[in-house]
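Reading through the C-alpha cells given below for one structure.
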Amino acid sequence: MRPLRYSINITLDGCCHHEAGLPPDEESMRYWTAQMERADALLFGRVTYEMMESAWRKPATGAWPDWMDEWEIPFAEAMDRAKKYVVSSTLSGVDWNAELVQGDLGSAIQRLKEQPGEGLWVGGVTLPLALADLGLIDEYEFVVQPVLAGHGPTLLAGLRERIQLELVDRHEFQSGAVAVRYRPTQIPPPGQVSDG
C-alpha cells in the first residue's frame, strides 16, 4: 500500500496561504524537489492544480521563462513531469500528465493508495482537510516558516476531530525554517470518523 503524505509550507501562526511564508530559496527548492521526486504521483484539488499548472507547466516553446532562476528549474521539471491526480466535481477534464478523480472521495483515494509504489503526495488546503477527516493521510510534513502572518487561511481549519501525531523527522534550513514530519499515532479505518 502506498502511503499518502500531506506536505505544505506554513507560518508559525498556522497560515497556509502560499505567499505568507518566506520566498522560496535554493535550499528550500532542493528540499521540495527531493520530496516530490519520492512520490509516485501528486494529488491536488482543482484550485491547487490550476495554481501549480499556471506556475510550473513547461511552456509550449519548450524553454522555461526568463524570470525563473536556474535553481528553480529542477523543481519545475519535477512538477511538470509528475503524474497528477486531480479531485474535482467541476472540471470535465484535465491534461498536464493528470487524471481526473471523481465520485466518492474516500473510495477513490483508497484505490490509489492500494496500488503498488512508494507513495502519494498531496498539497493544498481544502482537499487535505477532507482527507484528514477521512483518516487517509499517513504522514504530515510541514515546513514551518519563521514568519507570523497574522491572517489565514489556517492549516486544517475545521478539522472534525483532533489527530494525535508523533514526530518522525526534522530538518532545519539556513533561513530559519524547519521541516517537520509526523505520523498519526492511530489511523482510523478509511471513511470512519469517530463522534467521540
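Going through the C-alpha cells in order, the chains are called A, B, and so on, while each chain numbers its residues from 1 and the ligands are numbered from 1 in the order shown.
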Could you list, as a PDB file with N, CA and C atoms, in the first residue's frame, every residue within 7 Å of region 70-77 of chain A, counting only C-alpha atoms and ignoring same-chain residues fewer than 2 positions away?
ATOM      1  N   GLU A  26      17.107  28.644  -2.797  1.00  0.00           N
ATOM      2  CA  GLU A  26      17.710  27.463  -3.413  1.00  0.00           C
ATOM      3  C   GLU A  26      17.622  26.240  -2.509  1.00  0.00           C
ATOM      4  N   MET A  29      13.944  24.932  -2.313  1.00  0.00           N
ATOM      5  CA  MET A  29      13.524  24.339  -3.583  1.00  0.00           C
ATOM      6  C   MET A  29      14.181  22.970  -3.786  1.00  0.00           C
ATOM      7  N   THR A  33      11.951  19.611  -4.132  1.00  0.00           N
ATOM      8  CA  THR A  33      12.171  18.776  -5.315  1.00  0.00           C
ATOM      9  C   THR A  33      12.424  17.334  -4.896  1.00  0.00           C
ATOM     10  N   TRP A  56       4.080  26.145 -13.002  1.00  0.00           N
ATOM     11  CA  TRP A  56       5.136  25.161 -13.223  1.00  0.00           C
ATOM     12  C   TRP A  56       4.973  24.313 -14.476  1.00  0.00           C
ATOM     13  N   MET A  68      12.526  32.687 -14.299  1.00  0.00           N
ATOM     14  CA  MET A  68      12.842  31.556 -13.439  1.00  0.00           C
ATOM     15  C   MET A  68      14.349  31.469 -13.221  1.00  0.00           C
ATOM     16  N   MET A  79       7.897  18.908 -11.116  1.00  0.00           N
ATOM     17  CA  MET A  79       6.460  19.170 -11.071  1.00  0.00           C
ATOM     18  C   MET A  79       5.821  18.921 -12.438  1.00  0.00           C
ATOM     19  N   ASP A  80       6.486  19.374 -13.473  1.00  0.00           N
ATOM     20  CA  ASP A  80       5.933  19.255 -14.830  1.00  0.00           C
ATOM     21  C   ASP A  80       5.769  17.797 -15.246  1.00  0.00           C
ATOM     22  N   ARG A  81       6.757  16.954 -14.941  1.00  0.00           N
ATOM     23  CA  ARG A  81       6.704  15.568 -15.423  1.00  0.00           C
ATOM     24  C   ARG A  81       5.935  14.625 -14.492  1.00  0.00           C
TER      25      ARG A  81
END
inquiry  = Residues near region 9-15 of chain A, anyone? I mean within 10 Å using only C-alpha atoms, not counting same-chain ones fewer than 4 positions away, as JSON, numbers by chain.
reply    = {"A": [19, 20, 21, 22, 123, 124, 141, 142, 143, 144, 145, 146, 147, 148, 149, 150, 151, 152, 153, 154, 155, 156, 157, 177, 178, 179]}
inquiry  = From a backbone DSSP assignment, name each residue in region 8-191 of chain A labelled strand (DSSP E or B), as a PyMOL selection string.
reply    = chain A and resi 8-11+15+41-45+84-87+98-101+120-122+139-145+154+165-172+178-184
ask   = Do you have the CA of Gly103 (chain A)-CA of Ala82 (chain A) distance handy?
value =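 Between these atoms lies a distance of 23.0 Å.
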key: Neighbour list for Ser88 (chain A) as number ranges by chain, cut-off 12 Å, only C-alpha atoms, skip fewer than 6 positions in-chain   = A: 43-50, 94, 99-105, 108, 126-127
ask   = From the set A:Gly158, A:Leu4, A:Glu118, A:Tyr140, which residue has the shortest atom-to-atom contact distance to Arg181 (chain A), counting only C-alpha atoms?
value = A:Tyr140
inquiry  = One decimal, in Å: what's the spacing between CA of Leu136 (chain A) and CA of Gln115 (chain A)?
reply    =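 CA of Gln115 (chain A) lies at a distance of 14.4 Å from CA of Leu136 (chain A).
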message = As an exercise, work out the distance from CA of Ala78 (chain A) to CA of Glu37 (chain A) in Å and give it to one decimal place.
response = 6.7 Å
task = Identify all residues of region 82-133 of chain A in helix (DSSP H, G or I) (DSSP on the backbone) and supply them as an NGL selection string.
result = :A and (105-114 or 126-133)
message = Just checking: using only C-alpha atoms, which residue out of A:Arg30, A:Lys58, A:His18, A:Arg162 ends up closest to Ala132 (chain A)?
response = A:Arg162
